[in-house]
Every structure is written in C-alpha cells, then in structure tokens.
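Asks: Could you have a look at this structure, given as structure tokens, before my questions?
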Amino acid sequence: MIIELLITYIISLISFLSYPGLFILMMFESMILPVPSELVMPFAGFLVNQGRFSFLGVALISSLGSIVGSLISYYIGLYGGERFIRKFGKYFLLDLSHLKWTENWFKHKGDLTILISRFIPVVRHLISIPAGIGKMNLKKFILYTFIGAFIWNNFLSYLGILLNEKWEVVHTYSGQIDIIAIVIIILLVIYFVYKRLKK
C-alpha cells in the first residue's frame, strides 16, 4: 500500500514538474525522507525511452538533487551534531569521545566512506549527517557525493531504459537487498549497544 502511494506520488510529481520534480525527489532521497531512488530513477529512465527526458538531463539533474539533499544533511550534522550529542547522547550511549572518533574517521577515510555509502541502501540516506558531524572537508564531500550519486543514479535510470514499461521491477528486487541491509545495520547497532553496556 505504501509503495503504491509512493509510486503514484513519484509519477505525479515528475509528470507534472518534469526535471524540477526529478530534482526535488532526488534531493529528498539524499535526506532522511522515505523516497527510494530505486523507484525514482527507473521511472526517469522509462521517460527517457518515451522521449520525454534526455539521458544526460536525467544524469545531471538527479545528481545535482542528490548533492543539494546531501549538503542539507551535512550542515544539519555540522551545526547540530555536537549539540545533539551533548544534550541527548547519553540516551543513545554516545559521548564526546565518539564525536572525536567521527572527526578522525572522516578526516582519514571520509572519501571512501562517502563514495561507498552511495551504493548501500538506508546508509546513503543517513551518511551525510555523520560526515557533517565529523567536519569532513566540504570540497571532498561534494566531489565524492557527486561521483557516487552520478554512478548510482545512471545505473538505475539505465535499468529503467532497459525495462521500459516494467521499470517498477527494479524496486521489487532492490527491496530484498534493502531488507538485508537493514538487518545488518540493526545487528551492528545491537552489537554496539552490547559492547557499551558491557563496559
């Protein structure tokens, strides 16, 4: 039911607003909002097949939307992350030492982290916030976000071109991968909580 509503919403927004609609949806997709790129981009690819969009236009507009959404999340983390941890961190078993660890991580491994995260379900919606908390170099953040988003978005839109009217099939199979990713993340969180409580 929720997926059907999402499909209707995505089709309506892109059909009505064209490229701006695609931009808005991909901006939302890169934030903490339930807009799956596995639905948006294959439909955009379908529209390329129909001659309503160009492949290059879809590639650029979707990637720009991904960057803007990621930057919004980045600045939320940059300006609100430390305050959140100081005020509510204890409820999530987090303290300022984790903040320092995050800064070191994104200083030395931020490039690869951002790039790889663009291909991981769930994680790509969230990764920009810890990147902001970790004060990752902004130019590198934008560069690797663009590279990852460009590759991922083009891959999905190309699948939409190949599948044509059956573009929704992409989400059917990607949904199974999403479930696996969510289970892994939950297990990692449980392990983190267990280690913290053990200490």
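Labels for the structure tokens follow display order: chains A, B, ..., residues from 1 in each chain, ligands from 1.
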Counting only C-alpha atoms, what is within 12 Å of Leu6 in chain A, bar same-chain residues fewer than 2 positions away, as a PyMOL selection string?
Replies: chain A and resi 1-4+8-13+25+33-40+168+171
Asks: Nearest residue to Leu163 in chain A out of A:Ile120, A:Ala44, A:Met27, A:Met136, using only C-alpha atoms?
Replies: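 The shortest atom-to-atom distance to Leu163 in chain A comes from A:Ala44.
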Asks: I'd like to know which residues of range 109-144 of chain A are alpha helix (DSSP H) (by DSSP, run on the backbone); could you write them as a list in words?
Replies: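 DSSP on the backbone gives alpha helix (DSSP H) at Lys109, Gly110, Asp111, Leu112, Thr113, Ile114, Leu115, Ile116, Ser117, Val123, Arg124, His125, Leu126, Ser128, Ile129, Pro130, Ala131, Gly132, Ile133, Leu138, Lys139, Lys140, Phe141, Ile142, Leu143 and Tyr144 of chain A.
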Asks: Given only C-alpha atoms as the basis, pick out the residue of A:Thr145, A:Ser157, A:Asn49, A:Ser54 nearest to Phe119 in chain A.
Replies: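 Closest candidate: A:Thr145.
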Asks: Could you please determine the separation between CA of His125 in chain A and CA of Phe16 in chain A in Å, to one decimal place?
Replies: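 Separation of CA of His125 in chain A and CA of Phe16 in chain A: 25.2 Å.
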Asks: Using only C-alpha atoms for the distances, tell me which of A:Lys100, A:Lys109, A:Arg124, A:Arg52 is nearest to Phe28 in chain A.
Replies: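 Looking only at the distances to Phe28 in chain A, the closest residue turns out to be A:Arg124.
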Asks: Identify, on the basis of only C-alpha atoms, every residue whose closest approach to Ile67 in chain A does not exceed 9 Å; exclude the query and any residue fewer than 6 positions from it along the same chain; express the result as a ChimeraX atom specification.
Replies: /A:26-27,30,142,145-146,149
Asks: Restricting the output to N, CA and C atoms, write the selected residues as a PDB file, in the first residue's frame.
Replies:
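Here's the written file out27.pdb:
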ATOM      1  N   MET A  26      15.045  13.564  -5.829  1.00  0.00           N
ATOM      2  CA  MET A  26      16.395  13.083  -5.531  1.00  0.00           C
ATOM      3  C   MET A  26      17.036  13.883  -4.400  1.00  0.00           C
ATOM      4  N   MET A  27      16.598  15.124  -4.218  1.00  0.00           N
ATOM      5  CA  MET A  27      17.048  15.905  -3.070  1.00  0.00           C
ATOM      6  C   MET A  27      16.495  15.272  -1.788  1.00  0.00           C
ATOM      7  N   SER A  30      18.233  12.001  -0.754  1.00  0.00           N
ATOM      8  CA  SER A  30      19.538  12.125  -0.096  1.00  0.00           C
ATOM      9  C   SER A  30      19.427  12.671   1.321  1.00  0.00           C
ATOM     10  N   ILE A 142      31.547  17.039  -1.406  1.00  0.00           N
ATOM     11  CA  ILE A 142      30.756  17.311  -2.612  1.00  0.00           C
ATOM     12  C   ILE A 142      31.248  16.453  -3.779  1.00  0.00           C
ATOM     13  N   THR A 145      30.388  12.707  -3.176  1.00  0.00           N
ATOM     14  CA  THR A 145      28.939  12.557  -3.223  1.00  0.00           C
ATOM     15  C   THR A 145      28.469  12.589  -4.670  1.00  0.00           C
ATOM     16  N   PHE A 146      29.024  13.513  -5.443  1.00  0.00           N
ATOM     17  CA  PHE A 146      28.637  13.633  -6.854  1.00  0.00           C
ATOM     18  C   PHE A 146      29.025  12.378  -7.641  1.00  0.00           C
ATOM     19  N   ALA A 149      26.753   9.440  -6.483  1.00  0.00           N
ATOM     20  CA  ALA A 149      25.365   9.654  -6.897  1.00  0.00           C
ATOM     21  C   ALA A 149      25.232   9.538  -8.416  1.00  0.00           C
TER      22      ALA A 149
END
Asks: Taking only C-alpha atoms into account, name the residue in A:Tyr79, A:Phe55, A:Trp101, A:Phe106 that is nearest to Phe155 in chain A.
Replies: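 Smallest distance to Phe155 in chain A is found for A:Phe55.
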